[in-house]
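Here is the file target-v8.pdb (PDB, C-alpha atoms).
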```pdb
ATOM      1  CA  LEU A   1     -20.372  12.721   5.487  1.00  0.00           C
ATOM      2  CA  LYS A   2     -20.321  14.148   9.007  1.00  0.00           C
ATOM      3  CA  ARG A   3     -21.073  17.601   7.583  1.00  0.00           C
ATOM      4  CA  VAL A   4     -24.001  16.199   5.602  1.00  0.00           C
ATOM      5  CA  ALA A   5     -25.283  14.358   8.689  1.00  0.00           C
ATOM      6  CA  VAL A   6     -25.137  17.496  10.820  1.00  0.00           C
ATOM      7  CA  GLU A   7     -26.466  20.010   8.293  1.00  0.00           C
ATOM      8  CA  TYR A   8     -28.824  17.841   6.255  1.00  0.00           C
ATOM      9  CA  PRO A   9     -29.711  14.740   8.306  1.00  0.00           C
ATOM     10  CA  GLU A  10     -32.677  13.971   6.065  1.00  0.00           C
ATOM     11  CA  LYS A  11     -30.257  13.229   3.226  1.00  0.00           C
ATOM     12  CA  LEU A  12     -28.986  10.207   5.150  1.00  0.00           C
ATOM     13  CA  SER A  13     -32.428   8.665   5.600  1.00  0.00           C
ATOM     14  CA  ALA A  14     -32.872   5.177   4.183  1.00  0.00           C
ATOM     15  CA  SER A  15     -35.185   6.423   1.433  1.00  0.00           C
ATOM     16  CA  SER A  16     -32.652   9.062   0.356  1.00  0.00           C
ATOM     17  CA  LEU A  17     -29.728   6.616   0.414  1.00  0.00           C
ATOM     18  CA  ALA A  18     -31.716   4.156  -1.694  1.00  0.00           C
ATOM     19  CA  LYS A  19     -31.890   6.784  -4.464  1.00  0.00           C
ATOM     20  CA  LEU A  20     -28.479   8.442  -4.059  1.00  0.00           C
ATOM     21  CA  ASP A  21     -26.619   8.897  -7.352  1.00  0.00           C
ATOM     22  CA  ALA A  22     -22.885   8.858  -7.971  1.00  0.00           C
ATOM     23  CA  LYS A  23     -22.682  12.587  -8.693  1.00  0.00           C
ATOM     24  CA  THR A  24     -24.217  13.529  -5.348  1.00  0.00           C
ATOM     25  CA  LEU A  25     -22.032  11.036  -3.491  1.00  0.00           C
ATOM     26  CA  GLN A  26     -18.947  12.556  -5.092  1.00  0.00           C
ATOM     27  CA  GLU A  27     -20.038  16.023  -4.003  1.00  0.00           C
ATOM     28  CA  TRP A  28     -20.490  14.797  -0.435  1.00  0.00           C
ATOM     29  CA  LEU A  29     -17.104  13.110  -0.290  1.00  0.00           C
ATOM     30  CA  LEU A  30     -15.087  15.845  -1.962  1.00  0.00           C
ATOM     31  CA  SER A  31     -16.671  18.578   0.123  1.00  0.00           C
ATOM     32  CA  THR A  32     -14.906  17.179   3.198  1.00  0.00           C
ATOM     33  CA  PHE A  33     -11.511  18.137   1.835  1.00  0.00           C
ATOM     34  CA  ASP A  34     -11.483  21.772   2.893  1.00  0.00           C
ATOM     35  CA  ALA A  35      -7.859  22.264   1.863  1.00  0.00           C
ATOM     36  CA  ARG A  36      -8.532  21.431  -1.809  1.00  0.00           C
ATOM     37  CA  SER A  37      -8.662  24.212  -4.356  1.00  0.00           C
ATOM     38  CA  PRO A  38     -11.502  24.300  -6.906  1.00  0.00           C
ATOM     39  CA  GLU A  39      -9.039  23.002  -9.484  1.00  0.00           C
ATOM     40  CA  ASP A  40      -8.106  20.093  -7.238  1.00  0.00           C
ATOM     41  CA  GLU A  41     -11.750  19.175  -6.741  1.00  0.00           C
ATOM     42  CA  LYS A  42     -12.359  19.157 -10.495  1.00  0.00           C
ATOM     43  CA  GLU A  43      -9.418  16.808 -11.023  1.00  0.00           C
ATOM     44  CA  ALA A  44     -10.091  14.599  -8.019  1.00  0.00           C
ATOM     45  CA  LYS A  45     -11.255  11.118  -8.880  1.00  0.00           C
ATOM     46  CA  ILE A  46     -12.888   8.797  -6.377  1.00  0.00           C
ATOM     47  CA  PRO A  47     -12.125   5.161  -7.268  1.00  0.00           C
ATOM     48  CA  SER A  48     -15.109   2.946  -8.138  1.00  0.00           C
ATOM     49  CA  LEU A  49     -17.550   5.810  -7.617  1.00  0.00           C
ATOM     50  CA  ASP A  50     -20.476   4.086  -9.337  1.00  0.00           C
ATOM     51  CA  GLU A  51     -19.929   0.946  -7.272  1.00  0.00           C
ATOM     52  CA  ARG A  52     -19.782   3.002  -4.075  1.00  0.00           C
ATOM     53  CA  ALA A  53     -23.093   4.618  -4.959  1.00  0.00           C
ATOM     54  CA  ARG A  54     -24.596   1.189  -5.685  1.00  0.00           C
ATOM     55  CA  LEU A  55     -23.524  -0.033  -2.261  1.00  0.00           C
ATOM     56  CA  VAL A  56     -25.066   3.015  -0.599  1.00  0.00           C
ATOM     57  CA  ASN A  57     -28.301   2.307  -2.502  1.00  0.00           C
ATOM     58  CA  GLU A  58     -28.126  -1.286  -1.253  1.00  0.00           C
ATOM     59  CA  VAL A  59     -27.912  -0.109   2.350  1.00  0.00           C
ATOM     60  CA  GLY A  60     -30.867   2.242   1.944  1.00  0.00           C
ATOM     61  CA  SER A  61     -33.000  -0.372   0.207  1.00  0.00           C
ATOM     62  CA  GLY A  62     -32.063  -3.058   2.734  1.00  0.00           C
ATOM     63  CA  LEU A  63     -32.999  -0.870   5.672  1.00  0.00           C
ATOM     64  CA  LEU A  64     -36.329  -0.017   4.076  1.00  0.00           C
ATOM     65  CA  GLU A  65     -37.166  -3.611   3.225  1.00  0.00           C
ATOM     66  CA  HIS A  66     -36.078  -5.344   6.408  1.00  0.00           C
ATOM     67  CA  PHE A  67     -35.716  -2.803   9.239  1.00  0.00           C
ATOM     68  CA  GLY A  68     -38.415  -0.195   8.797  1.00  0.00           C
ATOM     69  CA  GLY A  69     -35.925   2.220   7.275  1.00  0.00           C
ATOM     70  CA  LYS A  70     -33.960   2.596  10.511  1.00  0.00           C
ATOM     71  CA  ALA A  71     -30.418   1.465  11.256  1.00  0.00           C
ATOM     72  CA  SER A  72     -31.328   1.493  14.941  1.00  0.00           C
ATOM     73  CA  ASN A  73     -33.742  -1.369  14.296  1.00  0.00           C
ATOM     74  CA  LEU A  74     -30.921  -3.360  12.734  1.00  0.00           C
ATOM     75  CA  VAL A  75     -28.764  -2.743  15.808  1.00  0.00           C
ATOM     76  CA  ARG A  76     -31.554  -3.679  18.215  1.00  0.00           C
ATOM     77  CA  SER A  77     -32.244  -6.895  16.309  1.00  0.00           C
ATOM     78  CA  ALA A  78     -28.741  -8.066  17.278  1.00  0.00           C
ATOM     79  CA  LYS A  79     -29.867  -8.172  20.922  1.00  0.00           C
ATOM     80  CA  LYS A  80     -26.730  -6.624  22.421  1.00  0.00           C
ATOM     81  CA  SER A  81     -24.308  -8.806  20.452  1.00  0.00           C
ATOM     82  CA  ALA A  82     -21.573  -7.234  18.330  1.00  0.00           C
ATOM     83  CA  ALA A  83     -20.938 -10.562  16.623  1.00  0.00           C
ATOM     84  CA  LYS A  84     -24.633 -10.958  15.809  1.00  0.00           C
ATOM     85  CA  LEU A  85     -24.774  -7.420  14.443  1.00  0.00           C
ATOM     86  CA  ALA A  86     -21.885  -8.165  12.087  1.00  0.00           C
ATOM     87  CA  GLU A  87     -23.604 -11.399  11.066  1.00  0.00           C
ATOM     88  CA  LEU A  88     -26.934  -9.663  10.385  1.00  0.00           C
ATOM     89  CA  THR A  89     -25.215  -6.905   8.436  1.00  0.00           C
ATOM     90  CA  CYS A  90     -23.630  -9.467   6.130  1.00  0.00           C
ATOM     91  CA  ALA A  91     -26.886 -11.415   5.842  1.00  0.00           C
ATOM     92  CA  TYR A  92     -29.015  -8.473   4.719  1.00  0.00           C
ATOM     93  CA  PHE A  93     -26.449  -6.320   2.897  1.00  0.00           C
ATOM     94  CA  PRO A  94     -24.408  -8.341   0.350  1.00  0.00           C
ATOM     95  CA  GLY A  95     -21.803  -5.603  -0.077  1.00  0.00           C
ATOM     96  CA  PHE A  96     -20.508  -6.387   3.424  1.00  0.00           C
ATOM     97  CA  ARG A  97     -19.759 -10.054   2.674  1.00  0.00           C
ATOM     98  CA  ASP A  98     -16.002  -9.704   2.829  1.00  0.00           C
ATOM     99  CA  HIS A  99     -14.667 -13.199   2.215  1.00  0.00           C
ATOM    100  CA  CYS A 100     -12.454 -15.058  -0.232  1.00  0.00           C
ATOM    101  CA  VAL A 101     -10.817 -18.408  -0.895  1.00  0.00           C
ATOM    102  CA  PHE A 102      -7.201 -18.844   0.209  1.00  0.00           C
ATOM    103  CA  ARG A 103      -5.371 -22.035  -0.743  1.00  0.00           C
ATOM    104  CA  GLY A 104      -8.620 -23.948  -0.947  1.00  0.00           C
ATOM    105  CA  GLN A 105     -10.126 -22.606   2.275  1.00  0.00           C
ATOM    106  CA  GLN A 106     -12.758 -19.928   2.661  1.00  0.00           C
ATOM    107  CA  VAL A 107     -11.570 -16.957   4.716  1.00  0.00           C
ATOM    108  CA  PHE A 108     -13.921 -14.428   6.316  1.00  0.00           C
ATOM    109  CA  PHE A 109     -12.691 -10.954   7.259  1.00  0.00           C
ATOM    110  CA  TYR A 110     -15.967  -8.989   7.442  1.00  0.00           C
ATOM    111  CA  LYS A 111     -14.015  -5.789   7.970  1.00  0.00           C
ATOM    112  CA  ARG A 112     -16.821  -3.310   7.303  1.00  0.00           C
ATOM    113  CA  ALA A 113     -19.464  -5.346   9.140  1.00  0.00           C
ATOM    114  CA  GLN A 114     -17.247  -5.575  12.211  1.00  0.00           C
ATOM    115  CA  ILE A 115     -16.243  -1.924  12.128  1.00  0.00           C
ATOM    116  CA  PHE A 116     -19.936  -1.012  12.000  1.00  0.00           C
ATOM    117  CA  ALA A 117     -20.465  -2.877  15.263  1.00  0.00           C
ATOM    118  CA  GLY A 118     -17.278  -1.414  16.735  1.00  0.00           C
ATOM    119  CA  ASP A 119     -18.237   2.130  15.794  1.00  0.00           C
ATOM    120  CA  ILE A 120     -21.695   1.749  17.352  1.00  0.00           C
ATOM    121  CA  TRP A 121     -20.025   0.530  20.549  1.00  0.00           C
ATOM    122  CA  GLY A 122     -17.622   3.477  20.501  1.00  0.00           C
ATOM    123  CA  ALA A 123     -20.200   6.126  19.608  1.00  0.00           C
ATOM    124  CA  PHE A 124     -22.471   5.063  22.460  1.00  0.00           C
ATOM    125  CA  GLU A 125     -19.558   4.400  24.832  1.00  0.00           C
ATOM    126  CA  GLY A 126     -20.687   0.834  25.349  1.00  0.00           C
ATOM    127  CA  LYS A 127     -24.130   1.897  26.557  1.00  0.00           C
ATOM    128  CA  GLY A 128     -27.646   1.852  25.114  1.00  0.00           C
ATOM    129  CA  LEU A 129     -27.501   0.784  21.475  1.00  0.00           C
ATOM    130  CA  GLY A 130     -23.765   0.264  21.931  1.00  0.00           C
ATOM    131  CA  ASP A 131     -24.027  -2.162  24.834  1.00  0.00           C
ATOM    132  CA  PHE A 132     -22.157  -5.153  23.403  1.00  0.00           C
ATOM    133  CA  PRO A 133     -20.783  -7.437  26.167  1.00  0.00           C
ATOM    134  CA  ASP A 134     -19.224  -9.642  23.474  1.00  0.00           C
ATOM    135  CA  LEU A 135     -17.199  -6.872  21.795  1.00  0.00           C
ATOM    136  CA  LYS A 136     -14.023  -8.859  22.482  1.00  0.00           C
ATOM    137  CA  THR A 137     -15.148 -11.492  19.964  1.00  0.00           C
ATOM    138  CA  LEU A 138     -14.513  -9.087  17.077  1.00  0.00           C
ATOM    139  CA  THR A 139     -11.142  -9.099  15.323  1.00  0.00           C
ATOM    140  CA  CYS A 140      -9.273  -6.049  14.140  1.00  0.00           C
ATOM    141  CA  PHE A 141     -10.465  -4.420  10.917  1.00  0.00           C
ATOM    142  CA  ALA A 142      -8.058  -5.783   8.323  1.00  0.00           C
ATOM    143  CA  ASP A 143      -7.351  -3.084   5.767  1.00  0.00           C
ATOM    144  CA  TYR A 144      -4.241  -1.152   4.683  1.00  0.00           C
ATOM    145  CA  ARG A 145      -3.237   1.244   7.490  1.00  0.00           C
ATOM    146  CA  ILE A 146      -2.748  -1.306  10.276  1.00  0.00           C
ATOM    147  CA  PRO A 147      -0.313  -3.546   8.342  1.00  0.00           C
ATOM    148  CA  GLN A 148       1.499  -0.398   7.221  1.00  0.00           C
ATOM    149  CA  LEU A 149       2.130   0.566  10.847  1.00  0.00           C
ATOM    150  CA  LEU A 150       2.863  -3.006  11.959  1.00  0.00           C
ATOM    151  CA  ARG A 151       5.668  -3.090   9.387  1.00  0.00           C
ATOM    152  CA  GLU A 152       6.983   0.255  10.603  1.00  0.00           C
ATOM    153  CA  ILE A 153       7.281  -0.928  14.225  1.00  0.00           C
ATOM    154  CA  GLY A 154       8.784  -4.274  13.272  1.00  0.00           C
ATOM    155  CA  ILE A 155       5.911  -6.577  14.159  1.00  0.00           C
ATOM    156  CA  MET A 156       5.130  -7.592  10.580  1.00  0.00           C
ATOM    157  CA  LYS A 157       7.644  -8.305   7.822  1.00  0.00           C
ATOM    158  CA  TYR A 158       6.934  -8.877   4.144  1.00  0.00           C
ATOM    159  CA  GLY A 159       8.848 -11.214   1.896  1.00  0.00           C
ATOM    160  CA  THR A 160      11.271  -9.500  -0.488  1.00  0.00           C
ATOM    161  CA  GLY A 161       9.022  -9.783  -3.533  1.00  0.00           C
ATOM    162  CA  LEU A 162       5.945  -8.440  -1.778  1.00  0.00           C
ATOM    163  CA  GLU A 163       7.915  -5.688  -0.099  1.00  0.00           C
ATOM    164  CA  LYS A 164       9.197  -4.449  -3.462  1.00  0.00           C
ATOM    165  CA  LYS A 165       5.649  -4.357  -4.841  1.00  0.00           C
ATOM    166  CA  VAL A 166       4.381  -2.393  -1.864  1.00  0.00           C
ATOM    167  CA  LEU A 167       7.248   0.095  -1.939  1.00  0.00           C
ATOM    168  CA  ARG A 168       6.800   0.835  -5.631  1.00  0.00           C
ATOM    169  CA  LYS A 169       3.033   1.123  -5.089  1.00  0.00           C
ATOM    170  CA  ALA A 170       2.175  -1.670  -7.486  1.00  0.00           C
ATOM    171  CA  THR A 171      -1.423  -2.834  -7.478  1.00  0.00           C
ATOM    172  CA  ILE A 172      -2.032  -5.988  -5.453  1.00  0.00           C
ATOM    173  CA  LEU A 173      -5.203  -7.634  -6.676  1.00  0.00           C
ATOM    174  CA  ALA A 174      -8.116  -8.051  -4.291  1.00  0.00           C
ATOM    175  CA  GLY A 175      -8.452 -11.690  -3.272  1.00  0.00           C
ATOM    176  CA  SER A 176      -4.950 -12.549  -4.448  1.00  0.00           C
ATOM    177  CA  GLU A 177      -2.741 -14.713  -2.248  1.00  0.00           C
ATOM    178  CA  GLU A 178      -0.590 -11.695  -1.385  1.00  0.00           C
ATOM    179  CA  GLU A 179      -3.508  -9.499  -0.377  1.00  0.00           C
ATOM    180  CA  VAL A 180      -5.181 -12.216   1.674  1.00  0.00           C
ATOM    181  CA  ALA A 181      -1.858 -13.010   3.365  1.00  0.00           C
ATOM    182  CA  ILE A 182      -1.407  -9.344   4.365  1.00  0.00           C
ATOM    183  CA  ARG A 183      -4.888  -9.156   5.854  1.00  0.00           C
ATOM    184  CA  THR A 184      -4.597 -12.515   7.606  1.00  0.00           C
ATOM    185  CA  ALA A 185      -1.227 -11.603   9.098  1.00  0.00           C
ATOM    186  CA  THR A 186      -2.724  -8.313  10.290  1.00  0.00           C
ATOM    187  CA  VAL A 187      -5.456 -10.107  12.233  1.00  0.00           C
ATOM    188  CA  LEU A 188      -2.984 -12.592  13.721  1.00  0.00           C
ATOM    189  CA  CYS A 189      -0.570  -9.838  14.754  1.00  0.00           C
ATOM    190  CA  VAL A 190      -3.279  -7.888  16.568  1.00  0.00           C
ATOM    191  CA  GLU A 191      -4.453 -11.041  18.341  1.00  0.00           C
ATOM    192  CA  ALA A 192      -0.843 -11.669  19.436  1.00  0.00           C
ATOM    193  CA  LEU A 193      -0.618  -8.079  20.693  1.00  0.00           C
ATOM    194  CA  LYS A 194      -3.827  -8.549  22.662  1.00  0.00           C
ATOM    195  CA  LYS A 195      -2.430 -11.674  24.295  1.00  0.00           C
ATOM    196  CA  ALA A 196       0.897  -9.994  25.068  1.00  0.00           C
ATOM    197  CA  ILE A 197      -0.822  -6.980  26.650  1.00  0.00           C
ATOM    198  CA  PHE A 198      -2.832  -9.259  28.915  1.00  0.00           C
ATOM    199  CA  GLU A 199       0.223 -11.289  29.933  1.00  0.00           C
ATOM    200  CA  GLU A 200       2.195  -8.119  30.662  1.00  0.00           C
ATOM    201  CA  THR A 201      -0.468  -6.052  32.418  1.00  0.00           C
ATOM    202  CA  ASN A 202      -3.249  -8.495  33.327  1.00  0.00           C
ATOM    203  CA  GLN A 203      -5.588  -6.072  31.561  1.00  0.00           C
ATOM    204  CA  GLU A 204      -7.988  -7.211  28.852  1.00  0.00           C
ATOM    205  CA  VAL A 205      -8.217  -4.990  25.803  1.00  0.00           C
ATOM    206  CA  SER A 206     -10.263  -5.771  22.739  1.00  0.00           C
ATOM    207  CA  SER A 207      -8.894  -6.110  19.238  1.00  0.00           C
ATOM    208  CA  VAL A 208     -11.129  -3.176  18.351  1.00  0.00           C
ATOM    209  CA  GLU A 209      -9.343  -0.908  20.840  1.00  0.00           C
ATOM    210  CA  ILE A 210      -5.931  -2.048  19.655  1.00  0.00           C
ATOM    211  CA  ASP A 211      -7.011  -1.421  16.069  1.00  0.00           C
ATOM    212  CA  TRP A 212      -8.089   2.116  16.901  1.00  0.00           C
ATOM    213  CA  ALA A 213      -4.838   2.848  18.722  1.00  0.00           C
ATOM    214  CA  LEU A 214      -2.762   1.538  15.816  1.00  0.00           C
ATOM    215  CA  TRP A 215      -4.865   3.424  13.284  1.00  0.00           C
ATOM    216  CA  GLU A 216      -4.504   6.725  15.120  1.00  0.00           C
ATOM    217  CA  ARG A 217      -0.766   6.188  15.451  1.00  0.00           C
ATOM    218  CA  GLY A 218      -0.517   5.406  11.755  1.00  0.00           C
ATOM    219  CA  GLU A 219      -2.479   8.512  10.816  1.00  0.00           C
ATOM    220  CA  SER A 220      -0.142  10.664  12.916  1.00  0.00           C
ATOM    221  CA  LEU A 221       2.900   9.251  11.102  1.00  0.00           C
ATOM    222  CA  LEU A 222       1.595   9.446   7.529  1.00  0.00           C
ATOM    223  CA  LYS A 223       4.375  11.743   6.340  1.00  0.00           C
ATOM    224  CA  THR A 224       7.115   9.358   7.453  1.00  0.00           C
ATOM    225  CA  LEU A 225       5.623   5.898   6.930  1.00  0.00           C
ATOM    226  CA  GLU A 226       6.604   3.763   3.959  1.00  0.00           C
ATOM    227  CA  PRO A 227       3.762   3.146   1.471  1.00  0.00           C
ATOM    228  CA  HIS A 228       0.849   0.867   2.312  1.00  0.00           C
ATOM    229  CA  HIS A 229      -0.262  -1.844  -0.095  1.00  0.00           C
ATOM    230  CA  ARG A 230      -2.508  -0.727  -2.949  1.00  0.00           C
ATOM    231  CA  THR A 231      -5.629  -2.807  -3.571  1.00  0.00           C
ATOM    232  CA  LEU A 232      -8.804  -1.708  -5.338  1.00  0.00           C
ATOM    233  CA  THR A 233     -11.637  -3.289  -3.358  1.00  0.00           C
ATOM    234  CA  ILE A 234     -15.069  -2.555  -1.936  1.00  0.00           C
ATOM    235  CA  TYR A 235     -14.186  -4.162   1.381  1.00  0.00           C
ATOM    236  CA  TYR A 236     -11.855  -1.471   2.785  1.00  0.00           C
TER     237      TYR A 236
END
```

Rewrite the coordinates I just gave you, this time as structure tokens.
Amino acid sequence: LKRVAVEYPEKLSASSLAKLDAKTLQEWLLSTFDARSPEDEKEAKIPSLDERARLVNEVGSGLLEHFGGKASNLVRSAKKSAAKLAELTCAYFPGFRDHCVFRGQQVFFYKRAQIFAGDIWGAFEGKGLGDFPDLKTLTCFADYRIPQLLREIGIMKYGTGLEKKVLRKATILAGSEEEVAIRTATVLCVEALKKAIFEETNQEVSSVEIDWALWERGESLLKTLEPHHRTLTIYY
């Protein structure tokens, strides 16, 4: 996507995204894997490709209908609030409404909506469009890599049954008690880390920054880490 943005920025306009088809999206995504051979690219399969394209169309259409076709207008409408930006993103783009019911209670993760706000903050170094004084109100972005690393360093531990499923790469259904428990525990662990860092150093760090540090560490250890949980979902 970065290559497309740099070489063909017009293809990422709201009007183009609103009409993007699955075939073109696949070409964009597979073209980023420079190490793949032509044979690999032919055999590569992107999970839920049609649904991914639909969600991209939703973003393009939503920007056109509500924000003059510009993501910057969406960001400005949040009035320098990361939390408000996540809220607006979920309000206008249904595909970002990452929530479920866990033991009779509704649980909201909003992973992609929050990471959108976090990435804007990071890209603009907390200035201009990225000036979000309330960044610390965001949680970590509960997905698969962070719990994978938290297990590796001994902060998170799965029950025997769940651990066996994860190690054999069994599918864990989206919205299931096991999947929601993994994501919830991830958020709680990062919040505990944030508190511990402050108590130890008297320095405030955001959950976003901790998330990024854990993610980068996890990416650097991919060859040695035990498997992460497998869940087919549009939310991460």

* Find the residues near Ser72 in chain A: any atom within 8 Å, counting all atoms listed in the file, skip ones fewer than 3 places away on the same chain, and give them as a list in words. =>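 Listing them by chain and then by number gives Val75, Arg76 and Leu129 of chain A.
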
Give me the result of the PyMOL selection byres ((chain A and resi 185-201) around 9) on this file, residue by residue, as a CSV table (one decimal) with C-alpha atoms, in the coordinates of the input.
```csv
chain,number,residue,atom,x,y,z
A,109,PHE,CA,-12.7,-11.0,7.3
A,139,THR,CA,-11.1,-9.1,15.3
A,140,CYS,CA,-9.3,-6.0,14.1
A,141,PHE,CA,-10.5,-4.4,10.9
A,142,ALA,CA,-8.1,-5.8,8.3
A,143,ASP,CA,-7.4,-3.1,5.8
A,146,ILE,CA,-2.7,-1.3,10.3
A,147,PRO,CA,-0.3,-3.5,8.3
A,150,LEU,CA,2.9,-3.0,12.0
A,155,ILE,CA,5.9,-6.6,14.2
A,156,MET,CA,5.1,-7.6,10.6
A,180,VAL,CA,-5.2,-12.2,1.7
A,181,ALA,CA,-1.9,-13.0,3.4
A,182,ILE,CA,-1.4,-9.3,4.4
A,183,ARG,CA,-4.9,-9.2,5.9
A,184,THR,CA,-4.6,-12.5,7.6
A,202,ASN,CA,-3.2,-8.5,33.3
A,203,GLN,CA,-5.6,-6.1,31.6
A,204,GLU,CA,-8.0,-7.2,28.9
A,205,VAL,CA,-8.2,-5.0,25.8
A,206,SER,CA,-10.3,-5.8,22.7
A,207,SER,CA,-8.9,-6.1,19.2
A,210,ILE,CA,-5.9,-2.0,19.7
A,211,ASP,CA,-7.0,-1.4,16.1
```

* To do: Pick out the residues sitting within 12 Å of range 125-128 of chain A, and hand them over as a list in words; count only C-alpha atoms, and ignore anything fewer than 3 positions along from it in its own chain.
  =>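 Final neighbour list, sorted by chain and number: Ser72, Val75, Arg76, Lys79, Lys80, Ser81, Ala82, Ala117, Gly118, Asp119, Ile120, Trp121, Gly122, Asp131, Phe132, Pro133, Asp134 and Leu135 of chain A.
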
* Asked: Just so the selection is clear, what residues does the PyMOL selection byres ((chain A and resi 28) around 12) cover here, as a count of residues only?
  -> 27

* To do: Step by step, work through what the PyMOL selection byres ((chain A and resi 18) around 10) selects in the shown file, and finish by giving those residues as a PyMOL selection string.
  => chain A and resi 12-17+19-21+53-64

* Tell me which protein, DNA and RNA residues are within 8 Å of Pro227 in chain A, counting only C-alpha atoms, leaving out same-chain ones fewer than 2 positions away, and put them as a ChimeraX atom specification. => /A:148,166-167,169,225,229

All file atoms of range 220-230 of chain A boxed axis-aligned, 5 Å per side, centre plus edges, as AutoDock Vina command-line options:
```
--center_x 2.3 --center_y 4.9 --center_z 5.0 --size_x 19.6 --size_y 23.6 --size_z 25.9
```

* Separation of CA of Glu65 in chain A and CA of Leu138 in chain A, in Å? -> 27.1 Å

* Structure fact -> Of A:Gly130, A:Arg97, A:Ala170, A:Arg103, the one nearest to Ala78 in chain A when counting all atoms listed in the file is A:Gly130
